[in-house]
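Asker: What follows is protein17.txt, made up of compact mmCIF, C-alpha atoms:
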# COMPACT_ATOMS: atom_id res chain seq x y z
CA MET P 588 4.71 0.10 15.84
CA LEU P 589 7.80 2.21 15.16
CA ALA P 590 9.51 -0.82 13.70
CA ALA P 591 6.67 -1.22 11.22
CA LEU P 592 6.84 2.47 10.33
CA ARG P 593 10.59 2.25 9.78
CA CYS P 594 10.18 -0.91 7.74
CA MET P 595 7.67 0.80 5.40
CA VAL P 596 9.84 3.89 4.97
CA ILE P 597 12.93 1.82 4.20
CA ARG P 598 10.98 -0.35 1.78
CA ASP P 599 9.67 2.61 -0.20
CA LEU P 600 13.03 4.35 -0.19
CA THR P 601 14.71 1.18 -1.46
CA LEU P 602 12.13 0.95 -4.22
CA ALA P 603 12.70 4.60 -5.11
CA MET P 604 16.46 4.03 -5.23
CA ARG P 605 15.90 1.31 -7.82
CA HIS P 606 13.74 3.71 -9.85
CA ARG P 607 15.94 6.75 -9.64
CA SER P 608 14.54 8.31 -12.80
CA ASP P 609 11.17 8.77 -11.09
CA VAL P 610 12.74 10.78 -8.28
CA LEU P 611 14.80 12.90 -10.63
CA THR P 612 11.80 13.75 -12.85
CA THR P 613 10.08 15.49 -9.94
CA VAL P 614 13.14 17.55 -9.04
CA PHE P 615 13.91 18.54 -12.62
CA PHE P 616 10.28 19.43 -13.24
CA PHE P 617 10.47 21.77 -10.26
CA ILE P 618 13.72 23.34 -11.42
CA ILE P 619 12.52 23.82 -15.00
CA VAL P 620 9.14 25.31 -14.10
CA VAL P 621 10.73 27.79 -11.70
CA SER P 622 13.43 28.67 -14.23
CA LEU P 623 10.92 29.34 -16.99
CA PHE P 624 9.42 32.34 -15.19
CA PRO P 625 12.44 34.68 -15.36
CA LEU P 626 12.72 33.81 -19.04
CA GLY P 627 9.08 34.56 -19.69
CA VAL P 628 8.67 37.64 -17.51
CA GLY P 629 11.90 39.34 -18.50
CA PRO P 630 14.83 40.68 -16.49
CA ASP P 631 12.89 43.09 -14.27
CA ALA P 632 14.67 42.47 -10.96
CA GLN P 633 12.02 44.12 -8.80
CA LEU P 634 9.14 42.23 -10.40
CA LEU P 635 10.96 38.89 -10.18
CA LYS P 636 11.75 39.44 -6.53
CA GLU P 637 8.11 40.15 -5.76
CA MET P 638 6.80 37.06 -7.46
CA ALA P 639 9.59 34.71 -6.33
CA ALA P 640 7.81 33.10 -3.38
CA GLY P 641 4.59 32.56 -5.32
CA VAL P 642 6.36 31.01 -8.29
CA VAL P 643 8.49 28.65 -6.22
CA TRP P 644 5.47 27.60 -4.17
CA VAL P 645 3.20 26.97 -7.16
CA ALA P 646 5.99 24.97 -8.82
CA ALA P 647 6.35 22.94 -5.62
CA LEU P 648 2.61 22.17 -5.62
CA LEU P 649 2.73 21.02 -9.24
CA ALA P 650 5.89 18.98 -8.71
CA SER P 651 4.37 17.18 -5.74
CA MET P 652 1.30 16.34 -7.86
CA LEU P 653 3.55 14.67 -10.39
CA SER P 654 4.62 11.79 -8.19
CA LEU P 655 1.39 11.57 -6.24
CA THR P 656 -0.47 9.21 -8.59
CA ARG P 657 2.19 6.57 -8.09
CA LEU P 658 2.04 6.75 -4.29
CA PHE P 659 -0.38 3.81 -4.05
CA ALA P 660 -0.89 2.83 -7.71
CA ASP P 661 2.22 0.65 -8.04
CA ASP P 662 1.39 -1.26 -4.87
CA PHE P 663 -2.22 -1.59 -6.02
CA ASN P 664 -1.27 -3.03 -9.40
CA ASP P 665 1.09 -5.72 -8.15
CA GLY P 666 -1.13 -6.80 -5.25
CA THR P 667 1.20 -5.69 -2.46
CA LEU P 668 -1.37 -3.10 -1.36
CA GLU P 669 -3.92 -5.75 -0.45
CA GLN P 670 -1.20 -7.60 1.43
CA LEU P 671 -0.40 -4.38 3.30
CA LEU P 672 -4.08 -4.08 4.24
CA LEU P 673 -3.83 -7.51 5.83
CA VAL P 674 -0.77 -7.07 8.02
CA PRO P 675 -1.52 -6.84 11.74
CA GLN P 676 -0.60 -3.16 11.94
CA PRO P 677 -2.86 -0.12 11.87
CA LEU P 678 -3.35 0.82 8.22
CA ALA P 679 -2.92 4.49 9.10
CA LEU P 680 0.60 3.67 10.27
CA ILE P 681 1.43 1.94 6.97
CA VAL P 682 0.03 4.96 5.11
CA LEU P 683 2.07 7.31 7.28
CA GLY P 684 5.21 5.33 6.42
CA LYS P 685 4.48 5.57 2.72
CA VAL P 686 3.73 9.30 2.97
CA LEU P 687 6.95 9.89 4.90
CA ALA P 688 8.96 8.08 2.23
CA HIS P 689 7.10 10.03 -0.46
CA TRP P 690 8.06 13.28 1.23
CA ILE P 691 11.71 12.28 1.54
CA ILE P 692 11.74 11.40 -2.15
CA SER P 693 9.71 14.24 -3.62
CA GLY P 694 9.42 16.98 -0.98
CA LEU P 695 12.83 17.15 0.67
CA PRO P 696 14.75 17.62 -2.63
CA LEU P 697 12.53 20.63 -3.37
CA VAL P 698 13.33 22.15 0.02
CA LEU P 699 17.04 21.65 -0.58
CA MET P 700 16.91 23.06 -4.11
CA SER P 701 14.82 26.11 -3.20
CA PRO P 702 17.65 28.47 -2.07
CA LEU P 703 19.42 28.02 -5.40
CA LEU P 704 16.23 28.76 -7.30
CA GLY P 705 15.48 31.69 -5.01
CA LEU P 706 18.83 33.23 -6.02
CA GLN P 707 17.62 33.29 -9.63
CA PHE P 708 14.89 35.64 -8.51
CA GLY P 709 17.21 37.90 -6.56
CA LEU P 710 16.08 36.79 -3.10
CA GLU P 711 18.62 37.41 -0.36
CA GLY P 712 19.77 35.96 2.96
CA ASP P 713 16.74 36.04 5.24
CA GLU P 714 14.25 35.61 2.42
CA LEU P 715 16.03 32.51 1.17
CA ILE P 716 16.00 31.01 4.64
CA MET P 717 12.33 31.89 5.06
CA LEU P 718 11.53 30.28 1.68
CA MET P 719 13.30 27.13 2.78
CA VAL P 720 11.58 27.07 6.17
CA THR P 721 8.11 27.48 4.66
CA LEU P 722 8.79 24.70 2.18
CA LEU P 723 10.12 22.52 4.98
CA ILE P 724 6.87 22.92 6.92
CA GLY P 725 4.64 22.99 3.86
CA THR P 726 5.80 20.11 1.67
CA PRO P 727 4.92 17.40 4.24
CA VAL P 728 1.37 18.82 4.20
CA LEU P 729 1.35 18.44 0.42
CA SER P 730 2.30 14.76 0.72
CA LEU P 731 -0.21 14.13 3.50
CA LEU P 732 -3.17 15.78 1.78
CA GLY P 733 -2.12 14.33 -1.55
CA ALA P 734 -2.25 10.83 -0.10
CA ILE P 735 -5.98 11.23 0.51
CA GLY P 736 -6.54 12.17 -3.13
CA ALA P 737 -4.26 9.39 -4.37
CA ALA P 738 -6.10 6.83 -2.24
CA LEU P 739 -9.53 8.03 -3.39
CA THR P 740 -8.68 7.89 -7.10
CA LEU P 741 -6.86 4.57 -6.93
CA GLY P 742 -7.69 2.30 -9.84
CA LEU P 743 -9.78 4.91 -11.62
CA ARG P 744 -9.20 5.73 -15.27
CA GLY P 745 -7.64 9.15 -15.65
CA GLY P 746 -6.84 9.11 -11.96
CA GLY P 747 -3.89 11.46 -12.47
CA VAL P 748 -5.96 14.42 -13.63
CA LEU P 749 -8.63 13.67 -11.06
CA VAL P 750 -6.07 13.78 -8.24
CA SER P 751 -5.02 17.25 -9.35
CA LEU P 752 -8.61 18.48 -9.38
CA LEU P 753 -9.28 16.99 -5.95
CA VAL P 754 -6.10 17.94 -4.20
CA LEU P 755 -4.95 21.27 -5.63
CA PRO P 756 -7.86 23.21 -4.02
CA LEU P 757 -6.90 21.66 -0.68
CA TYR P 758 -3.37 23.02 -1.14
CA ILE P 759 -4.61 26.62 -1.23
CA PRO P 760 -4.16 27.43 2.50
CA VAL P 761 -0.59 26.11 2.48
CA LEU P 762 0.13 28.13 -0.65
CA ILE P 763 -1.29 31.33 0.81
CA PHE P 764 0.57 31.11 4.10
CA GLY P 765 3.77 29.72 2.57
CA ALA P 766 4.14 32.40 -0.07
CA GLY P 767 2.73 34.97 2.37
CA ALA P 768 5.42 34.27 4.94
CA VAL P 769 8.21 34.94 2.46
CA THR P 770 6.57 38.13 1.18
CA ALA P 771 5.93 39.34 4.74
CA SER P 772 9.49 38.75 5.81
CA ALA P 773 10.78 40.48 2.65
CA ALA P 774 8.61 43.47 3.50
CA GLY P 775 10.14 43.61 6.95
CA MET P 776 7.04 42.38 8.80
CA GLY P 777 7.29 39.33 11.01
CA ALA P 778 6.35 36.00 9.49
CA ASP P 779 5.66 34.32 12.84
CA GLY P 780 1.91 34.32 12.33
CA HIS P 781 2.17 32.66 8.95
CA LEU P 782 4.61 30.07 10.25
CA SER P 783 2.46 29.23 13.27
CA LEU P 784 -0.57 28.73 11.04
CA MET P 785 1.44 26.48 8.71
CA GLY P 786 2.64 24.50 11.70
CA ALA P 787 -0.95 24.11 12.83
CA ILE P 788 -1.98 22.91 9.37
CA LEU P 789 0.89 20.40 9.40
CA LEU P 790 -0.11 19.02 12.80
CA LEU P 791 -3.74 18.76 11.74
CA ALA P 792 -2.83 17.01 8.49
CA LEU P 793 -0.45 14.69 10.34
CA ALA P 794 -3.21 13.70 12.73
CA LEU P 795 -6.05 13.29 10.25
CA ALA P 796 -4.71 12.55 6.76
CA PRO P 797 -3.35 9.03 7.46
CA TRP P 798 -6.74 7.93 8.81
CA ALA P 799 -8.63 9.46 5.91
CA SER P 800 -6.26 7.88 3.39
CA ALA P 801 -6.53 4.51 5.12
CA ALA P 802 -10.33 4.64 4.93
CA ALA P 803 -10.17 5.65 1.26
CA LEU P 804 -7.75 2.80 0.51
CA ARG P 805 -10.07 0.20 1.99
CA ILE P 806 -12.85 1.43 -0.29
CA SER P 807 -10.62 1.59 -3.35
CA VAL P 808 -9.18 -1.89 -2.96
CA GLU P 809 -12.59 -3.55 -2.75
CA MET D 677 -11.08 -30.18 19.41
CA ASP D 678 -14.60 -29.52 18.28
CA LYS D 679 -14.81 -25.80 18.63
CA ALA D 680 -15.18 -24.08 15.28
CA LEU D 681 -12.58 -21.32 14.91
CA LEU D 682 -13.91 -19.78 11.75
CA GLU D 683 -17.62 -19.45 11.36
CA ILE D 684 -19.46 -18.07 8.35
CA ARG D 685 -23.14 -17.36 8.84
CA ALA D 686 -25.63 -16.49 6.10
CA LEU D 687 -23.01 -14.75 4.02
CA GLU D 688 -24.14 -12.88 0.93
CA CYS D 689 -21.85 -11.17 -1.55
CA VAL D 690 -22.77 -8.96 -4.48
CA ARG D 691 -20.52 -7.74 -7.27
CA GLY D 692 -22.04 -4.94 -9.30
CA ASP D 693 -25.69 -5.95 -9.61
CA LYS D 694 -24.98 -9.66 -9.65
CA GLN D 695 -25.59 -11.71 -6.56
CA LEU D 696 -22.75 -14.21 -6.30
CA PHE D 697 -24.01 -16.24 -3.39
CA SER D 698 -26.33 -15.83 -0.47
CA GLU D 699 -27.23 -17.68 2.71
CA LEU D 700 -23.80 -19.27 2.69
CA SER D 701 -22.93 -20.84 6.02
CA PHE D 702 -20.12 -23.10 7.07
CA SER D 703 -17.62 -23.45 9.84
CA LEU D 704 -14.06 -24.56 9.99
CA GLU D 705 -12.24 -26.03 12.93
CA ALA D 706 -8.55 -26.44 13.69
CA GLY D 707 -6.83 -29.00 11.49
CA SER D 708 -9.15 -28.86 8.53
CA LEU D 709 -9.09 -27.92 4.90
CA LEU D 710 -11.85 -26.36 2.84
CA HIS D 711 -11.71 -26.82 -0.92
CA VAL D 712 -13.95 -24.30 -2.69
CA HIS D 713 -15.22 -25.48 -6.07
CA GLY D 714 -17.16 -23.64 -8.72
CA PRO D 715 -17.09 -22.50 -12.34
CA ASN D 716 -15.51 -19.20 -13.41
CA GLY D 717 -17.42 -16.24 -12.07
CA SER D 718 -19.16 -18.19 -9.35
CA GLY D 719 -17.64 -16.04 -6.63
CA LYS D 720 -14.79 -18.16 -5.30
CA THR D 721 -12.32 -15.30 -5.20
CA THR D 722 -14.93 -12.94 -3.77
CA LEU D 723 -15.70 -15.42 -1.00
CA LEU D 724 -12.02 -15.73 -0.11
CA ARG D 725 -11.53 -11.97 -0.22
CA ALA D 726 -14.63 -11.47 1.95
CA ILE D 727 -13.26 -13.82 4.57
CA ALA D 728 -9.91 -12.03 4.44
CA GLY D 729 -11.75 -8.74 4.94
CA LEU D 730 -10.80 -7.23 1.59
CA VAL D 731 -14.39 -7.20 0.32
CA LEU D 732 -17.34 -6.11 2.40
CA GLN D 733 -20.13 -8.65 2.44
CA GLU D 734 -23.67 -7.58 1.66
CA CYS D 735 -24.95 -9.29 4.76
CA GLY D 736 -24.01 -12.15 7.03
CA GLU D 737 -21.35 -12.65 9.67
CA ILE D 738 -17.78 -13.84 9.72
CA ARG D 739 -16.66 -14.92 13.16
CA TRP D 740 -13.22 -15.88 14.40
CA ASN D 741 -13.04 -17.56 17.82
CA GLY D 742 -16.70 -16.70 18.26
CA GLU D 743 -16.24 -12.99 17.78
CA LEU D 744 -16.92 -10.82 14.76
CA VAL D 745 -13.80 -10.40 12.66
CA THR D 746 -14.42 -6.68 12.24
CA GLN D 747 -14.12 -6.21 16.00
CA GLN D 748 -10.69 -7.81 16.22
CA GLN D 749 -9.09 -6.93 12.90
CA ASP D 750 -5.50 -6.88 14.12
CA GLU D 751 -5.80 -10.17 16.00
CA PHE D 752 -7.48 -11.80 13.03
CA ASN D 753 -4.89 -10.44 10.58
CA ARG D 754 -2.16 -11.90 12.76
CA GLU D 755 -3.73 -15.33 12.31
CA LEU D 756 -4.36 -14.88 8.60
CA LEU D 757 -2.25 -15.39 5.52
CA TYR D 758 -3.99 -14.57 2.26
CA LEU D 759 -2.33 -15.25 -1.08
CA GLY D 760 -4.39 -14.08 -4.04
CA HIS D 761 -4.08 -14.03 -7.82
CA HIS D 762 -1.47 -11.32 -7.60
CA TYR D 763 1.88 -12.34 -6.27
CA GLY D 764 1.91 -9.45 -3.84
CA LEU D 765 5.62 -8.99 -4.47
CA LYS D 766 7.58 -5.89 -5.41
CA PHE D 767 9.34 -6.82 -8.62
CA GLU D 768 12.24 -4.45 -8.00
CA LEU D 769 13.09 -6.05 -4.66
CA THR D 770 14.80 -9.39 -4.28
CA GLY D 771 12.90 -12.40 -3.02
CA TYR D 772 14.71 -12.07 0.26
CA GLU D 773 13.79 -8.39 0.69
CA ASN D 774 10.17 -9.08 -0.20
CA LEU D 775 9.84 -11.78 2.42
CA LYS D 776 11.71 -9.74 5.01
CA VAL D 777 9.32 -6.78 4.63
CA PHE D 778 6.28 -8.95 5.29
CA ALA D 779 7.99 -10.78 8.14
CA ASN D 780 8.82 -7.44 9.78
CA LEU D 781 5.34 -6.02 9.26
CA SER D 782 3.69 -9.11 10.66
CA GLY D 783 5.67 -8.53 13.81
CA SER D 784 7.35 -11.92 13.90
CA GLU D 785 11.00 -12.17 14.72
CA THR D 786 12.41 -13.71 11.57
CA SER D 787 16.13 -14.17 11.15
CA GLU D 788 17.97 -13.94 7.84
CA HIS D 789 18.63 -17.62 8.12
CA GLU D 790 14.95 -18.50 8.35
CA VAL D 791 14.10 -16.42 5.28
CA GLU D 792 16.87 -18.08 3.31
CA ALA D 793 15.77 -21.50 4.52
CA ALA D 794 12.20 -20.81 3.35
CA LEU D 795 13.43 -19.76 -0.10
CA THR D 796 15.70 -22.77 -0.27
CA ARG D 797 12.85 -25.08 0.62
CA PHE D 798 10.97 -23.72 -2.39
CA GLY D 799 13.99 -24.30 -4.60
CA LEU D 800 15.09 -20.69 -4.88
CA ALA D 801 18.46 -20.89 -3.16
CA HIS D 802 20.26 -19.61 -6.27
CA CYS D 803 18.01 -16.56 -6.75
CA VAL D 804 17.95 -15.09 -3.25
CA GLU D 805 19.84 -12.02 -4.48
CA LEU D 806 17.94 -11.58 -7.76
CA PRO D 807 15.17 -9.03 -8.16
CA VAL D 808 11.83 -10.79 -8.47
CA LYS D 809 11.20 -9.28 -11.93
CA VAL D 810 13.83 -11.50 -13.57
CA LEU D 811 12.29 -14.69 -12.17
CA SER D 812 9.87 -16.85 -14.14
CA GLN D 813 6.14 -16.96 -13.35
CA GLY D 814 6.54 -20.20 -11.43
CA GLN D 815 9.49 -18.88 -9.47
CA LYS D 816 7.59 -15.71 -8.57
CA ARG D 817 4.76 -17.89 -7.29
CA ARG D 818 7.30 -19.88 -5.28
CA VAL D 819 8.63 -16.71 -3.64
CA ALA D 820 5.07 -15.72 -2.69
CA LEU D 821 4.41 -19.19 -1.31
CA ALA D 822 7.60 -19.12 0.76
CA ARG D 823 5.72 -16.74 3.07
CA LEU D 824 3.73 -19.77 4.20
CA LEU D 825 6.82 -21.09 5.92
CA LEU D 826 7.72 -17.81 7.61
CA GLN D 827 4.56 -16.53 9.22
CA PRO D 828 3.02 -18.46 12.06
CA SER D 829 -0.53 -17.82 10.82
CA LYS D 830 -3.23 -20.27 11.65
CA LEU D 831 -5.58 -19.63 8.73
CA TRP D 832 -4.26 -19.82 5.20
CA ILE D 833 -6.46 -18.54 2.40
CA LEU D 834 -4.98 -19.57 -0.93
CA ASP D 835 -6.58 -18.47 -4.18
CA GLU D 836 -5.42 -20.76 -7.00
CA PRO D 837 -2.07 -21.49 -5.38
CA PHE D 838 -1.11 -24.15 -7.90
CA VAL D 839 -1.17 -21.90 -10.97
CA ALA D 840 2.18 -21.76 -12.81
CA LEU D 841 3.81 -24.30 -10.53
CA ASP D 842 5.66 -27.32 -11.92
CA VAL D 843 4.99 -30.86 -10.76
CA ALA D 844 7.70 -30.81 -8.11
CA ALA D 845 6.48 -27.51 -6.67
CA VAL D 846 2.88 -28.74 -6.60
CA GLU D 847 4.05 -31.76 -4.60
CA LEU D 848 6.02 -29.51 -2.28
CA LEU D 849 3.07 -27.16 -1.72
CA LEU D 850 0.80 -30.12 -0.98
CA GLU D 851 3.36 -31.33 1.51
CA VAL D 852 3.49 -27.89 3.17
CA ILE D 853 -0.32 -27.75 3.31
CA ARG D 854 -0.51 -31.25 4.80
CA THR D 855 2.00 -30.33 7.50
CA HIS D 856 0.08 -27.17 8.31
CA VAL D 857 -3.26 -28.97 8.62
CA ALA D 858 -1.69 -31.79 10.61
CA SER D 859 -0.33 -29.28 13.12
CA GLY D 860 -3.78 -27.80 13.72
CA GLY D 861 -3.79 -25.14 11.00
CA MET D 862 -6.66 -24.31 8.68
CA VAL D 863 -6.55 -23.91 4.93
CA ILE D 864 -9.16 -22.54 2.54
CA LEU D 865 -8.19 -22.94 -1.08
CA THR D 866 -9.59 -22.85 -4.58
CA THR D 867 -8.18 -24.71 -7.50
CA HIS D 868 -9.48 -26.00 -10.80
CA GLN D 869 -6.76 -28.58 -11.00
CA GLU D 870 -7.44 -32.06 -9.73
CA VAL D 871 -5.03 -32.26 -6.87
CA ALA D 872 -5.25 -34.76 -4.10
CA VAL D 873 -5.55 -32.70 -0.95
CA GLU D 874 -6.87 -35.55 1.16
CA VAL D 875 -5.55 -34.44 4.51
CA GLY D 876 -6.97 -33.84 7.94
CA SER D 877 -10.67 -33.21 7.87
CA LEU D 878 -11.54 -32.21 4.33
CA GLN D 879 -14.61 -30.20 3.39
CA HIS D 880 -15.89 -29.28 -0.04
CA LEU D 881 -17.92 -26.23 -0.88
CA HIS D 882 -19.58 -25.94 -4.27
CA LEU D 883 -20.42 -22.45 -5.40
CA GLY D 884 -22.36 -21.54 -8.49
CA SER D 885 -25.31 -23.88 -8.22
CA SER D 886 -27.52 -21.09 -7.00
CA VAL D 887 -26.24 -18.20 -9.05
CA ARG D 888 -29.06 -15.87 -9.84
CA GLN D 889 -29.24 -12.80 -11.99
CA HIS D 890 -31.14 -9.84 -10.62
As a first step, turn the structure in this file into structure tokens.

Answerer:
Amino acid sequence: MLAALRCMVIRDLTLAMRHRSDVLTTVFFFIIVVSLFPLGVGPDAQLLKEMAAGVVWVAALLASMLSLTRLFADDFNDGTLEQLLLVPQPLALIVLGKVLAHWIISGLPLVLMSPLLGLQFGLEGDELIMLMVTLLIGTPVLSLLGAIGAALTLGLRGGGVLVSLLVLPLYIPVLIFGAGAVTASAAGMGADGHLSLMGAILLLALALAPWASAAALRISVE
Amino acid sequence: MDKALLEIRALECVRGDKQLFSELSFSLEAGSLLHVHGPNGSGKTTLLRAIAGLVLQECGEIRWNGELVTQQQDEFNRELLYLGHHYGLKFELTGYENLKVFANLSGSETSEHEVEAALTRFGLAHCVELPVKVLSQGQKRRVALARLLLQPSKLWILDEPFVALDVAAVELLLEVIRTHVASGGMVILTTHQEVAVEVGSLQHLHLGSSVRQH
């Protein structure tokens, strides 16, 4: 079972390495969107600091949408998806492998970039760490929930826009608690509650999303 | 061995609002080959996909070893190798990497040597290290077919396996199919080409004679 999971992750990472431009688009999109806000809002340090967490989080949501449509679409188009449905492994495990690879490609770079972007907004020490921690817990949820949307809209015309409409509302809890944790810790209140809730959301998504995506894939492939 | 391994009972498949076939029953035992005939649109591909479990049938049963396929999906998938119209290959990966992924996922212990031997058998020794996208149509098909040699599946479902193959490759594939049937395997295939597949116990199924429009 673990061998199959590892095999899927390595496969998707290898594919991503041969399509490096796709990976870089997501990261640069994130950087540019976040960087546009200080330019648009003006150099009001206090205002920027207050909106930092929200801006970085919304940009992370949008950036993760960007690569979501391709999560299953490439495999669907070249027929490897139907072959993956037929391997003697639980489909949820295959999906989990793909989601994990997707997170490493599109979520992890955002986590790593976030302290640099936070500096632009005048965030300091603890707030930067808190921003990174919330993204570290939150971005896997984005990939997991996004996989359900990507699987449901597979093969549909205009699937990209439809995925956004389906999935962005589901991201709201993660957004609220993620940005909330940073704001709370900046205000000197503890962020433990927010973090625990995010952890709970992650565990729930980890347990349920692969099954839901697998069921959606079976319907879409037919 | 008389026992039928694969049994199809009263199968009915519908695409959109068109009934492709209904009340379709047949059984297949070890060491036999089923050649599915029929004009375009008669439901050959749908039948093969239904047996593979990629399409849900409208009604009817598909049994493997006497039990419903849906109740033993993993066991059935282990015994099944389905090659469809798509190559099912990642074009950015090399032929070797493609085969290795499927060998790993199917849980069989396949050594590098075996994968290379399979590719060599299909005349691809010189392109083991090339990404599949630079290969010709026929070579891509050969890479896909090399999976036949690697996975110890009992039931092969081949949808138009001869498309894009040259004469030598057609001969080779026939040889591979003959060996498989002779060693107790089962093959279901469709092809429009006239190819002599007179091996083992051969059955013909003609679809399309009873196509009705609702």

Asker: For atom CA of Glu637 of chain P and atom CA of Gly705 of chain P, determine how far apart the two atoms are, in Å to one decimal place.

Answerer: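 Going from atom CA of Glu637 of chain P over to atom CA of Gly705 of chain P covers 11.2 Å.
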
Asker: For chain D, which residues have at least one atom within 8 Å of chain P, if we go by all atoms listed in the file? Write them as a PDB file with C-alpha atoms, in the coordinates of the input, please.

Answerer:
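Final output, iface.pdb:
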ATOM      1  CA  ALA D 728      -9.910 -12.030   4.440  1.00  0.00           C
ATOM      2  CA  LEU D 730     -10.800  -7.230   1.590  1.00  0.00           C
ATOM      3  CA  VAL D 731     -14.390  -7.200   0.320  1.00  0.00           C
ATOM      4  CA  LEU D 732     -17.340  -6.110   2.400  1.00  0.00           C
ATOM      5  CA  GLN D 749      -9.090  -6.930  12.900  1.00  0.00           C
ATOM      6  CA  ASP D 750      -5.500  -6.880  14.120  1.00  0.00           C
ATOM      7  CA  GLU D 751      -5.800 -10.170  16.000  1.00  0.00           C
ATOM      8  CA  PHE D 752      -7.480 -11.800  13.030  1.00  0.00           C
ATOM      9  CA  ASN D 753      -4.890 -10.440  10.580  1.00  0.00           C
ATOM     10  CA  ARG D 754      -2.160 -11.900  12.760  1.00  0.00           C
ATOM     11  CA  LEU D 756      -4.360 -14.880   8.600  1.00  0.00           C
ATOM     12  CA  TYR D 758      -3.990 -14.570   2.260  1.00  0.00           C
ATOM     13  CA  HIS D 762      -1.470 -11.320  -7.600  1.00  0.00           C
ATOM     14  CA  TYR D 763       1.880 -12.340  -6.270  1.00  0.00           C
ATOM     15  CA  GLY D 764       1.910  -9.450  -3.840  1.00  0.00           C
ATOM     16  CA  LEU D 765       5.620  -8.990  -4.470  1.00  0.00           C
ATOM     17  CA  LYS D 766       7.580  -5.890  -5.410  1.00  0.00           C
ATOM     18  CA  GLU D 768      12.240  -4.450  -8.000  1.00  0.00           C
ATOM     19  CA  LEU D 769      13.090  -6.050  -4.660  1.00  0.00           C
ATOM     20  CA  VAL D 777       9.320  -6.780   4.630  1.00  0.00           C
ATOM     21  CA  PHE D 778       6.280  -8.950   5.290  1.00  0.00           C
ATOM     22  CA  ASN D 780       8.820  -7.440   9.780  1.00  0.00           C
ATOM     23  CA  LEU D 781       5.340  -6.020   9.260  1.00  0.00           C
ATOM     24  CA  SER D 782       3.690  -9.110  10.660  1.00  0.00           C
ATOM     25  CA  GLY D 783       5.670  -8.530  13.810  1.00  0.00           C
TER      26      GLY D 783
END

Asker: Quote the spacing between atom CA of Arg823 of chain D and atom CA of Ala794 of chain D in Å to one decimal place.

Answerer: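 So the answer is 7.7 Å.
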
Asker: Which residues are near segment 754-765 of chain P? Cut-off 10 Å, all atoms listed in the file, ignore same chain within fewer than 2 positions. Put them as a PDB file with C-alpha atoms, in the frame of the given file.

Answerer:
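As written to disk, result34.pdb reads:
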ATOM      1  CA  ALA P 640       7.810  33.100  -3.380  1.00  0.00           C
ATOM      2  CA  GLY P 641       4.590  32.560  -5.320  1.00  0.00           C
ATOM      3  CA  TRP P 644       5.470  27.600  -4.170  1.00  0.00           C
ATOM      4  CA  VAL P 645       3.200  26.970  -7.160  1.00  0.00           C
ATOM      5  CA  ALA P 647       6.350  22.940  -5.620  1.00  0.00           C
ATOM      6  CA  LEU P 648       2.610  22.170  -5.620  1.00  0.00           C
ATOM      7  CA  LEU P 649       2.730  21.020  -9.240  1.00  0.00           C
ATOM      8  CA  MET P 652       1.300  16.340  -7.860  1.00  0.00           C
ATOM      9  CA  MET P 717      12.330  31.890   5.060  1.00  0.00           C
ATOM     10  CA  LEU P 718      11.530  30.280   1.680  1.00  0.00           C
ATOM     11  CA  MET P 719      13.300  27.130   2.780  1.00  0.00           C
ATOM     12  CA  VAL P 720      11.580  27.070   6.170  1.00  0.00           C
ATOM     13  CA  THR P 721       8.110  27.480   4.660  1.00  0.00           C
ATOM     14  CA  LEU P 722       8.790  24.700   2.180  1.00  0.00           C
ATOM     15  CA  LEU P 723      10.120  22.520   4.980  1.00  0.00           C
ATOM     16  CA  ILE P 724       6.870  22.920   6.920  1.00  0.00           C
ATOM     17  CA  GLY P 725       4.640  22.990   3.860  1.00  0.00           C
ATOM     18  CA  THR P 726       5.800  20.110   1.670  1.00  0.00           C
ATOM     19  CA  VAL P 728       1.370  18.820   4.200  1.00  0.00           C
ATOM     20  CA  LEU P 729       1.350  18.440   0.420  1.00  0.00           C
ATOM     21  CA  LEU P 732      -3.170  15.780   1.780  1.00  0.00           C
ATOM     22  CA  GLY P 733      -2.120  14.330  -1.550  1.00  0.00           C
ATOM     23  CA  ALA P 734      -2.250  10.830  -0.100  1.00  0.00           C
ATOM     24  CA  ILE P 735      -5.980  11.230   0.510  1.00  0.00           C
ATOM     25  CA  GLY P 736      -6.540  12.170  -3.130  1.00  0.00           C
ATOM     26  CA  ALA P 737      -4.260   9.390  -4.370  1.00  0.00           C
ATOM     27  CA  LEU P 749      -8.630  13.670 -11.060  1.00  0.00           C
ATOM     28  CA  VAL P 750      -6.070  13.780  -8.240  1.00  0.00           C
ATOM     29  CA  SER P 751      -5.020  17.250  -9.350  1.00  0.00           C
ATOM     30  CA  LEU P 752      -8.610  18.480  -9.380  1.00  0.00           C
ATOM     31  CA  GLY P 767       2.730  34.970   2.370  1.00  0.00           C
ATOM     32  CA  ALA P 768       5.420  34.270   4.940  1.00  0.00           C
ATOM     33  CA  VAL P 769       8.210  34.940   2.460  1.00  0.00           C
ATOM     34  CA  THR P 770       6.570  38.130   1.180  1.00  0.00           C
ATOM     35  CA  ALA P 771       5.930  39.340   4.740  1.00  0.00           C
ATOM     36  CA  ALA P 778       6.350  36.000   9.490  1.00  0.00           C
ATOM     37  CA  GLY P 780       1.910  34.320  12.330  1.00  0.00           C
ATOM     38  CA  HIS P 781       2.170  32.660   8.950  1.00  0.00           C
ATOM     39  CA  LEU P 782       4.610  30.070  10.250  1.00  0.00           C
ATOM     40  CA  SER P 783       2.460  29.230  13.270  1.00  0.00           C
ATOM     41  CA  LEU P 784      -0.570  28.730  11.040  1.00  0.00           C
ATOM     42  CA  MET P 785       1.440  26.480   8.710  1.00  0.00           C
ATOM     43  CA  GLY P 786       2.640  24.500  11.700  1.00  0.00           C
ATOM     44  CA  ILE P 788      -1.980  22.910   9.370  1.00  0.00           C
ATOM     45  CA  LEU P 789       0.890  20.400   9.400  1.00  0.00           C
TER      46      LEU P 789
END
